[in-house]
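Shown next: input12.cif, containing mmCIF, C-alpha atoms.
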data_coords
#
loop_
_atom_site.group_PDB
_atom_site.id
_atom_site.type_symbol
_atom_site.label_atom_id
_atom_site.label_comp_id
_atom_site.auth_asym_id
_atom_site.auth_seq_id
_atom_site.Cartn_x
_atom_site.Cartn_y
_atom_site.Cartn_z
ATOM 1 C CA MET A 80 10.639 -35.451 -17.761
ATOM 2 C CA ASN A 81 12.583 -34.035 -20.660
ATOM 3 C CA ARG A 82 10.525 -33.057 -23.614
ATOM 4 C CA VAL A 83 12.078 -34.386 -26.810
ATOM 5 C CA ARG A 84 11.287 -31.556 -29.151
ATOM 6 C CA GLY A 85 10.265 -32.294 -32.664
ATOM 7 C CA LYS A 86 9.406 -35.985 -32.214
ATOM 8 C CA LYS A 87 5.928 -37.371 -31.888
ATOM 9 C CA ALA A 88 4.400 -40.829 -31.875
ATOM 10 C CA PHE A 89 2.552 -42.012 -34.971
ATOM 11 C CA VAL A 90 0.395 -45.126 -35.181
ATOM 12 C CA LYS A 91 -0.028 -47.322 -38.238
ATOM 13 C CA GLN A 92 -3.684 -47.761 -37.514
ATOM 14 C CA GLU A 93 -4.559 -50.459 -40.028
ATOM 15 C CA GLU A 94 -2.174 -52.841 -38.258
ATOM 16 C CA CYS A 95 -2.935 -51.728 -34.699
ATOM 17 C CA VAL A 96 -4.574 -54.481 -32.630
ATOM 18 C CA ALA A 97 -5.954 -52.023 -30.061
ATOM 19 C CA CYS A 98 -4.515 -53.968 -27.127
ATOM 20 C CA GLY A 99 -3.988 -50.813 -25.117
ATOM 21 C CA CYS A 100 -0.398 -51.459 -23.929
ATOM 22 C CA CYS A 101 0.594 -47.975 -25.087
ATOM 23 C CA VAL A 102 -2.248 -46.328 -23.187
ATOM 24 C CA LYS A 103 -1.007 -47.752 -19.899
ATOM 25 C CA LEU A 104 2.593 -46.743 -20.518
ATOM 26 C CA CYS A 105 2.121 -43.208 -21.788
ATOM 27 C CA PRO A 106 3.324 -40.783 -19.091
ATOM 28 C CA ALA A 107 1.398 -37.935 -20.691
ATOM 29 C CA GLU A 108 -1.891 -39.849 -21.080
ATOM 30 C CA ALA A 109 -1.769 -38.861 -24.719
ATOM 31 C CA ILE A 110 -3.057 -42.111 -26.218
ATOM 32 C CA LYS A 111 -6.573 -43.429 -26.484
ATOM 33 C CA ILE A 112 -8.049 -46.501 -28.103
ATOM 34 C CA LEU A 113 -10.810 -45.305 -30.360
ATOM 35 C CA ASN A 114 -13.895 -47.521 -30.691
ATOM 36 C CA GLY A 115 -11.825 -50.637 -29.950
ATOM 37 C CA LEU A 116 -10.191 -50.325 -33.358
ATOM 38 C CA ALA A 117 -6.854 -48.576 -33.062
ATOM 39 C CA ALA A 118 -4.733 -46.311 -30.920
ATOM 40 C CA LYS A 119 -4.788 -42.592 -31.562
ATOM 41 C CA VAL A 120 -2.129 -40.213 -30.291
ATOM 42 C CA ASP A 121 -2.926 -36.736 -29.099
ATOM 43 C CA ARG A 122 0.099 -35.017 -30.534
ATOM 44 C CA ILE A 123 -0.383 -31.903 -28.482
ATOM 45 C CA LYS A 124 0.106 -33.956 -25.325
ATOM 46 C CA CYS A 125 2.686 -36.379 -26.771
ATOM 47 C CA LEU A 126 6.155 -35.875 -25.288
ATOM 48 C CA GLY A 127 7.877 -37.998 -27.909
ATOM 49 C CA CYS A 128 9.467 -40.156 -25.216
ATOM 50 C CA GLY A 129 9.015 -43.333 -27.261
ATOM 51 C CA LYS A 130 7.843 -45.603 -24.444
ATOM 52 C CA CYS A 131 4.783 -46.619 -26.459
ATOM 53 C CA ALA A 132 6.844 -47.404 -29.570
ATOM 54 C CA LYS A 133 9.247 -49.536 -27.554
ATOM 55 C CA GLU A 134 6.530 -51.607 -25.945
ATOM 56 C CA CYS A 135 3.952 -51.891 -28.765
ATOM 57 C CA PRO A 136 3.670 -55.662 -29.365
ATOM 58 C CA ALA A 137 2.774 -55.157 -33.017
ATOM 59 C CA SER A 138 5.480 -52.498 -33.469
ATOM 60 C CA VAL A 139 3.058 -50.188 -35.193
ATOM 61 C CA ILE A 140 4.068 -47.042 -33.315
ATOM 62 C CA ARG A 141 6.958 -44.959 -34.576
ATOM 63 C CA LEU A 142 8.467 -41.673 -33.595
ATOM 64 C CA GLN A 143 8.601 -39.215 -36.448
ATOM 65 C CA GLU A 144 9.993 -35.747 -36.688
ATOM 66 C CA VAL A 145 7.388 -33.043 -36.825
ATOM 67 C CA GLU A 146 7.743 -29.362 -37.412
ATOM 68 C CA GLU A 147 6.842 -27.414 -34.321
ATOM 69 C CA MET B 138 1.382 -44.507 -11.730
ATOM 70 C CA LYS B 139 -1.755 -45.195 -9.718
ATOM 71 C CA LYS B 140 -2.701 -48.867 -9.502
ATOM 72 C CA PHE B 141 -6.250 -50.116 -9.613
ATOM 73 C CA TRP B 142 -7.734 -53.441 -8.534
ATOM 74 C CA TYR B 143 -7.815 -54.608 -12.148
ATOM 75 C CA ASP B 144 -4.067 -54.148 -12.472
ATOM 76 C CA TYR B 145 -3.679 -57.258 -10.337
ATOM 77 C CA LEU B 146 -5.754 -59.600 -12.473
ATOM 78 C CA TRP B 147 -2.551 -61.363 -13.521
ATOM 79 C CA ILE B 148 -2.782 -63.085 -10.142
ATOM 80 C CA ALA B 149 -6.144 -64.533 -11.182
ATOM 81 C CA SER B 150 -4.572 -65.836 -14.403
ATOM 82 C CA LEU B 151 -1.785 -67.540 -12.495
ATOM 83 C CA LEU B 152 -4.233 -68.921 -9.959
ATOM 84 C CA TYR B 153 -6.392 -70.307 -12.752
ATOM 85 C CA LEU B 154 -3.517 -72.299 -14.231
ATOM 86 C CA ALA B 155 -2.500 -73.516 -10.764
ATOM 87 C CA LEU B 156 -6.006 -74.630 -9.814
ATOM 88 C CA GLY B 157 -6.208 -76.778 -12.932
ATOM 89 C CA PHE B 158 -3.356 -78.843 -11.556
ATOM 90 C CA PHE B 159 -5.393 -79.754 -8.502
ATOM 91 C CA ASN B 160 -8.928 -80.032 -9.803
ATOM 92 C CA ILE B 161 -9.674 -79.871 -13.493
ATOM 93 C CA LEU B 162 -13.228 -78.666 -12.901
ATOM 94 C CA PHE B 163 -11.808 -75.232 -12.077
ATOM 95 C CA ALA B 164 -11.117 -74.991 -15.810
ATOM 96 C CA TRP B 165 -14.747 -73.921 -16.217
ATOM 97 C CA LEU B 166 -13.794 -70.566 -14.681
ATOM 98 C CA GLY B 167 -11.924 -69.885 -17.916
ATOM 99 C CA MET B 168 -15.286 -69.321 -19.576
ATOM 100 C CA LEU B 169 -15.094 -65.862 -18.011
ATOM 101 C CA CYS B 170 -12.105 -65.084 -20.257
ATOM 102 C CA PHE B 171 -14.214 -66.122 -23.231
ATOM 103 C CA LEU B 172 -17.541 -64.569 -22.441
ATOM 104 C CA LEU B 173 -16.536 -61.289 -20.778
ATOM 105 C CA PRO B 174 -14.523 -59.910 -23.725
ATOM 106 C CA LEU B 175 -17.335 -60.767 -26.133
ATOM 107 C CA ILE B 176 -20.073 -59.331 -23.929
ATOM 108 C CA LEU B 177 -18.098 -56.173 -23.116
ATOM 109 C CA SER B 178 -17.217 -55.478 -26.735
ATOM 110 C CA ALA B 179 -20.777 -56.192 -27.891
ATOM 111 C CA VAL B 180 -22.272 -53.921 -25.237
ATOM 112 C CA LYS B 181 -19.710 -51.128 -25.083
ATOM 113 C CA GLY B 182 -18.165 -51.364 -28.536
ATOM 114 C CA THR B 183 -14.656 -51.178 -27.109
ATOM 115 C CA LYS B 184 -11.801 -53.533 -26.332
ATOM 116 C CA ILE B 185 -11.989 -52.607 -22.664
ATOM 117 C CA TYR B 186 -11.326 -56.233 -21.662
ATOM 118 C CA CYS B 187 -7.995 -56.320 -23.522
ATOM 119 C CA ASN B 188 -7.141 -52.781 -22.487
ATOM 120 C CA ARG B 189 -7.900 -53.142 -18.827
ATOM 121 C CA TYR B 190 -8.973 -56.523 -17.517
ATOM 122 C CA CYS B 191 -6.928 -59.140 -19.369
ATOM 123 C CA GLY B 192 -4.917 -60.912 -16.691
ATOM 124 C CA ARG B 193 -2.978 -62.908 -19.238
ATOM 125 C CA GLY B 194 -1.743 -59.773 -20.997
ATOM 126 C CA GLN B 195 -0.705 -58.349 -17.644
ATOM 127 C CA LEU B 196 1.120 -61.556 -16.804
ATOM 128 C CA PHE B 197 3.115 -61.416 -20.046
ATOM 129 C CA ALA B 198 3.869 -57.728 -19.504
ATOM 130 C CA LEU B 199 5.126 -58.545 -16.023
ATOM 131 C CA LEU B 200 7.213 -61.580 -16.987
ATOM 132 C CA GLY B 201 8.591 -60.084 -20.176
ATOM 133 C CA GLY B 202 8.837 -56.504 -18.988
ATOM 134 C CA SER B 203 9.617 -56.236 -15.286
ATOM 135 C CA LEU B 204 11.255 -59.657 -14.987
ATOM 136 C CA GLY B 205 13.127 -59.261 -18.261
ATOM 137 C CA LEU B 206 12.198 -62.620 -19.772
ATOM 138 C CA SER B 207 11.638 -61.133 -23.221
ATOM 139 C CA ARG B 208 14.128 -60.375 -26.005
ATOM 140 C CA LYS B 209 11.921 -57.372 -26.866
ATOM 141 C CA LYS B 210 12.411 -57.818 -30.608
ATOM 142 C CA ASP B 211 9.875 -56.880 -33.255
ATOM 143 C CA ILE B 212 7.309 -59.517 -34.093
ATOM 144 C CA PRO B 213 7.651 -60.828 -37.689
ATOM 145 C CA GLY B 214 5.573 -58.798 -40.128
ATOM 146 C CA TRP B 215 3.394 -61.740 -41.207
ATOM 147 C CA MET B 216 2.211 -62.326 -37.641
ATOM 148 C CA LYS B 217 0.384 -59.021 -37.565
ATOM 149 C CA LYS B 218 -1.166 -59.343 -41.009
ATOM 150 C CA LYS B 219 -4.899 -59.856 -41.242
ATOM 151 C CA TRP B 220 -4.608 -63.217 -43.012
ATOM 152 C CA PHE B 221 -2.597 -64.637 -40.126
ATOM 153 C CA ARG B 222 -4.766 -63.154 -37.388
ATOM 154 C CA TYR B 223 -8.009 -64.283 -39.008
ATOM 155 C CA GLY B 224 -6.434 -67.602 -39.989
ATOM 156 C CA PHE B 225 -5.349 -68.269 -36.428
ATOM 157 C CA LEU B 226 -8.794 -67.278 -35.182
ATOM 158 C CA SER B 227 -10.402 -69.732 -37.624
ATOM 159 C CA PHE B 228 -8.021 -72.502 -36.615
ATOM 160 C CA PHE B 229 -8.642 -71.762 -32.942
ATOM 161 C CA LEU B 230 -12.413 -71.832 -33.385
ATOM 162 C CA THR B 231 -12.210 -75.079 -35.368
ATOM 163 C CA MET B 232 -10.219 -76.726 -32.585
ATOM 164 C CA PHE B 233 -12.707 -75.331 -30.081
ATOM 165 C CA ALA B 234 -15.577 -76.857 -32.044
ATOM 166 C CA LEU B 235 -13.706 -80.170 -32.109
ATOM 167 C CA MET B 236 -13.365 -79.967 -28.343
ATOM 168 C CA LEU B 237 -17.128 -79.376 -28.050
ATOM 169 C CA TRP B 238 -17.729 -82.380 -30.317
ATOM 170 C CA ASN B 239 -15.576 -84.574 -28.063
ATOM 171 C CA THR B 240 -17.604 -83.338 -25.100
ATOM 172 C CA TYR B 241 -20.790 -84.232 -26.930
ATOM 173 C CA LEU B 242 -19.486 -87.755 -27.659
ATOM 174 C CA VAL B 243 -18.931 -88.284 -23.938
ATOM 175 C CA LEU B 244 -22.355 -86.805 -23.186
ATOM 176 C CA ALA B 245 -23.966 -89.158 -25.688
ATOM 177 C CA GLY B 246 -22.105 -92.134 -24.226
ATOM 178 C CA ALA B 247 -20.258 -92.847 -27.461
ATOM 179 C CA GLU B 248 -16.868 -92.178 -25.878
ATOM 180 C CA SER B 249 -15.526 -92.513 -22.367
ATOM 181 C CA LEU B 250 -13.949 -89.676 -20.412
ATOM 182 C CA LYS B 251 -10.301 -89.071 -21.270
ATOM 183 C CA THR B 252 -8.389 -87.658 -18.335
ATOM 184 C CA ALA B 253 -5.704 -86.029 -20.438
ATOM 185 C CA VAL B 254 -4.763 -82.502 -21.419
ATOM 186 C CA SER B 255 -3.616 -81.883 -24.969
ATOM 187 C CA LEU B 256 -0.824 -79.396 -25.398
ATOM 188 C CA LEU B 257 -0.458 -77.585 -28.732
ATOM 189 C CA TRP B 258 -3.403 -79.703 -29.991
ATOM 190 C CA VAL B 259 -1.094 -82.674 -30.522
ATOM 191 C CA PHE B 260 0.678 -83.773 -27.371
ATOM 192 C CA LYS B 261 -1.470 -85.666 -24.872
ATOM 193 C CA LEU B 262 -0.401 -85.167 -21.282
ATOM 194 C CA PRO B 263 -1.782 -87.537 -18.631
ATOM 195 C CA TRP B 264 -3.710 -85.383 -16.146
ATOM 196 C CA SER B 265 -5.693 -87.925 -14.133
ATOM 197 C CA TRP B 266 -4.466 -86.626 -10.756
ATOM 198 C CA ALA B 267 -6.589 -83.523 -11.237
ATOM 199 C CA TYR B 268 -9.808 -85.489 -11.647
ATOM 200 C CA HIS B 269 -11.611 -86.452 -8.475
ATOM 201 C CA GLY B 270 -14.979 -87.338 -9.956
ATOM 202 C CA THR B 271 -17.933 -85.065 -10.529
ATOM 203 C CA LEU B 272 -21.458 -84.792 -9.216
ATOM 204 C CA PHE B 273 -22.524 -84.062 -12.759
ATOM 205 C CA HIS B 274 -22.175 -85.986 -16.007
ATOM 206 C CA PRO B 275 -18.590 -86.997 -17.012
ATOM 207 C CA ALA B 276 -19.065 -84.739 -20.050
ATOM 208 C CA VAL B 277 -18.723 -81.793 -17.639
ATOM 209 C CA ALA B 278 -15.224 -83.027 -16.804
ATOM 210 C CA GLN B 279 -14.474 -83.737 -20.464
ATOM 211 C CA PHE B 280 -15.254 -80.128 -21.311
ATOM 212 C CA ALA B 281 -13.022 -79.010 -18.420
ATOM 213 C CA PHE B 282 -10.098 -81.089 -19.744
ATOM 214 C CA GLY B 283 -10.661 -79.681 -23.218
ATOM 215 C CA PHE B 284 -10.987 -76.121 -22.020
ATOM 216 C CA TYR B 285 -7.905 -76.361 -19.822
ATOM 217 C CA SER B 286 -6.040 -77.677 -22.881
ATOM 218 C CA VAL B 287 -7.064 -74.560 -24.802
ATOM 219 C CA MET B 288 -5.964 -72.269 -21.973
ATOM 220 C CA LEU B 289 -2.666 -74.066 -21.374
ATOM 221 C CA THR B 290 -1.839 -74.181 -25.082
ATOM 222 C CA SER B 291 -2.562 -70.495 -25.585
ATOM 223 C CA THR B 292 -0.534 -69.605 -22.498
ATOM 224 C CA LEU B 293 2.388 -71.632 -23.831
ATOM 225 C CA LEU B 294 2.185 -69.943 -27.241
ATOM 226 C CA GLY B 295 1.963 -66.580 -25.512
ATOM 227 C CA LEU B 296 5.002 -67.367 -23.382
ATOM 228 C CA LEU B 297 7.020 -68.455 -26.425
ATOM 229 C CA THR B 298 6.225 -65.305 -28.378
ATOM 230 C CA MET B 299 6.824 -63.277 -25.206
ATOM 231 C CA ILE B 300 10.347 -64.696 -24.979
ATOM 232 C CA PHE B 301 11.212 -64.317 -28.665
ATOM 233 C CA PHE B 302 9.477 -61.018 -29.393
ATOM 234 C CA LYS B 303 7.854 -58.326 -27.239
ATOM 235 C CA PRO B 304 6.212 -59.165 -23.897
ATOM 236 C CA ARG B 305 2.620 -58.862 -25.087
ATOM 237 C CA SER B 306 3.145 -60.339 -28.570
ATOM 238 C CA TRP B 307 0.299 -62.740 -27.807
ATOM 239 C CA CYS B 308 -2.085 -59.750 -28.004
ATOM 240 C CA VAL B 309 -1.275 -59.412 -31.708
ATOM 241 C CA TYR B 310 -2.749 -62.798 -32.647
ATOM 242 C CA CYS B 311 -4.932 -63.547 -29.603
ATOM 243 C CA PRO B 312 -8.165 -65.007 -31.020
ATOM 244 C CA MET B 313 -10.265 -63.223 -28.408
ATOM 245 C CA GLY B 314 -8.614 -59.922 -29.286
ATOM 246 C CA THR B 315 -9.218 -60.503 -32.985
ATOM 247 C CA MET B 316 -12.845 -61.413 -32.318
ATOM 248 C CA THR B 317 -13.515 -58.396 -30.102
ATOM 249 C CA GLN B 318 -11.874 -56.109 -32.653
ATOM 250 C CA LEU B 319 -14.163 -57.573 -35.317
ATOM 251 C CA ILE B 320 -17.177 -56.899 -33.095
ATOM 252 C CA CYS B 321 -15.971 -53.322 -32.552
ATOM 253 C CA LYS B 322 -15.482 -52.947 -36.289
ATOM 254 C CA GLY B 323 -19.046 -54.083 -36.898
ATOM 255 C CA LYS B 324 -20.396 -51.763 -34.239
ATOM 256 C CA SER B 325 -18.524 -48.694 -35.423
ATOM 257 C CA LYS B 326 -19.381 -49.165 -39.093
ATOM 258 C CA ASN B 327 -21.757 -46.257 -39.025
ATOM 259 C CA CYS B 328 -19.622 -44.056 -36.792
ATOM 260 C CA ASP B 329 -16.832 -41.758 -37.823
ATOM 261 C CA PHE B 330 -13.524 -43.150 -36.695
ATOM 262 C CA VAL B 331 -12.484 -39.853 -35.170
ATOM 263 C CA THR B 332 -15.257 -38.352 -33.121
ATOM 264 C CA ASP B 333 -15.873 -34.720 -32.352
ATOM 265 C CA GLU B 334 -14.864 -35.335 -28.779
ATOM 266 C CA THR B 335 -11.377 -36.356 -29.812
ATOM 267 C CA HIS B 336 -10.979 -33.235 -31.880
ATOM 268 C CA LYS B 337 -11.658 -31.242 -28.742
ATOM 269 C CA ASN B 338 -8.900 -33.149 -26.979
ATOM 270 C CA GLY B 339 -6.388 -32.186 -29.589
ATOM 271 C CA TYR B 340 -6.399 -35.349 -31.691
ATOM 272 C CA SER B 341 -5.720 -34.851 -35.316
ATOM 273 C CA ASP B 342 -7.377 -36.909 -38.010
ATOM 274 C CA LYS B 343 -5.085 -35.507 -40.657
ATOM 275 C CA LYS B 344 -3.364 -38.303 -42.548
ATOM 276 C CA GLU B 345 0.346 -37.715 -42.261
ATOM 277 C CA GLU B 346 2.779 -38.949 -44.803
ATOM 278 C CA GLY B 347 5.019 -41.885 -44.017
ATOM 279 C CA GLY B 348 3.737 -45.388 -44.615
ATOM 280 C CA GLY B 349 0.271 -45.167 -43.160
ATOM 281 C CA TYR B 350 1.324 -43.807 -39.792
ATOM 282 C CA SER B 351 -1.178 -41.334 -38.430
#

Please go through the file and, once you have read it, give me the structure as C-alpha cells.
Amino acid sequence: MNRVRGKKAFVKQEECVACGCCVKLCPAEAIKILNGLAAKVDRIKCLGCGKCAKECPASVIRLQEVEE
Amino acid sequence: MKKFWYDYLWIASLLYLALGFFNILFAWLGMLCFLLPLILSAVKGTKIYCNRYCGRGQLFALLGGSLGLSRKKDIPGWMKKKWFRYGFLSFFLTMFALMLWNTYLVLAGAESLKTAVSLLWVFKLPWSWAYHGTLFHPAVAQFAFGFYSVMLTSTLLGLLTMIFFKPRSWCVYCPMGTMTQLICKGKSKNCDFVTDETHKNGYSDKKEEGGGYS
C-alpha cells in the first residue's frame, strides 16, 4: 500500500456517532472508538489513505495535511 | 481482512425480517436488538454492539457498499446535529410507548387484536397471514405486530438514507445508537477522554486547528 505522505485523518469528535465503520475499514488499524464516544486516530499509524473519510456515515473524518 | 462470526450477523437481520412474514410472533426476537446494546453499553461503557454486532449496520454496509446501492453522498448537516438525533430518539420512544399502550389496551380487553403492521407510523398494512394464533394472551401478538412495525419502519428509513446518502447513514440517527452513546457519556463523565493507554499507542490529544477536527 502506498503511503500518502503528509496527509492524516482527523475526526470532528463532537459530531462523531461512534458507529465504528472507520475502525473496520482502516487497513492500518489506526482508529479506535474511545469510551463509546468518538473515534480517535493514531496518526503515527495512519497511512492517510482516506478510506475512513470516504465511508464515515456522518462525514466527520477529513484528511488534512500535516507536517512530517 | 479476517472475518469473524459476528461479521455475518447481517444474515440474522435479514432472517428476522423474513420470519415476520411467516409468523409475527418471531418479532419478539427483535427485543435482542433493543436490550443487548443497552446492556452492553451499561456494563462495558462502550458502543461495542454498534461497532461489532449490529446486523442491520452490516446489512446496510453490504447493500450500499459492496452491492453499490448507495449514492455515497454526504448526509445533510442537520441530520447529524444533536437536536435532530435527540429529537428523533424522543419521537421514537414516544411511538414505542404508544405501541406499549396499545398492547396494554388489548391485555385489558378494551381493544381487540389488530393484525396489521404500521409502516412509517401512518400506513396500516394488513398482515393477518402471519398470525396463526397464540398459546398466550392476544396482547402477546399485539406487541409482536407493534414491534415488527418498529423494526420494519426503521429498516425502511435506513434503506432510504442508505440509498440517498452513505451506506450506514442510519447509524447517524439510529435511536439505539444515540441511547448507547448517551449511556457511554454518562459512564465516562469521570474519566479522561484520552486515557494513558492511548498515549502509549501513539494517539495524540492535542487539539489541532481546523474546525474541531482532532

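In this comparison, which uses only C-alpha atoms, the residue of A:Cys128, A:Ala97, A:Ile123, A:Leu116 approaching Arg141 of chain A most closely is A:Cys128.
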
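Atom pair atom CA of Thr271 of chain B / atom CA of Phe229 of chain B: separated by 27.7 Å.
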
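Remark: for chain B, the closest of the candidate residues A:Lys130, A:Lys111, A:Gly99, A:Cys105 is A:Gly99 (distances computed over only C-alpha atoms).
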
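Distances to Cys98 of chain A were evaluated for A:Val145, A:Val120, A:Ala132, A:Ile112 using all atoms listed in the file, and the minimum falls at A:Ile112.
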
Q: Compute the chain A side of the contact with chain B at 8 Å, counting only C-alpha atoms, and hand it back as a ChimeraX atom specification.
A: /A:89-94,96-100,113-116,119-124,134-138,140-141

Q: Quick one: apply the PyMOL selection byres ((chain B and resi 154-166) around 10) to the file and drop the selected residues here as an MDAnalysis selection string.
A: chainID B and resid 149:153 167:171 252 254 264:271 277:289 292

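Take atom CA of Lys140 of chain B and atom CA of Gly205 of chain B: the distance between them is 20.9 Å.
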
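Atom CA of Ala118 of chain A is found 6.8 Å from atom CA of Cys95 of chain A.
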
Q: Could you list the residues chosen by the PyMOL selection byres ((chain A and resi 146) around 9) in this structure as a PyMOL selection string?
A: chain A and resi 85-86+144-145+147
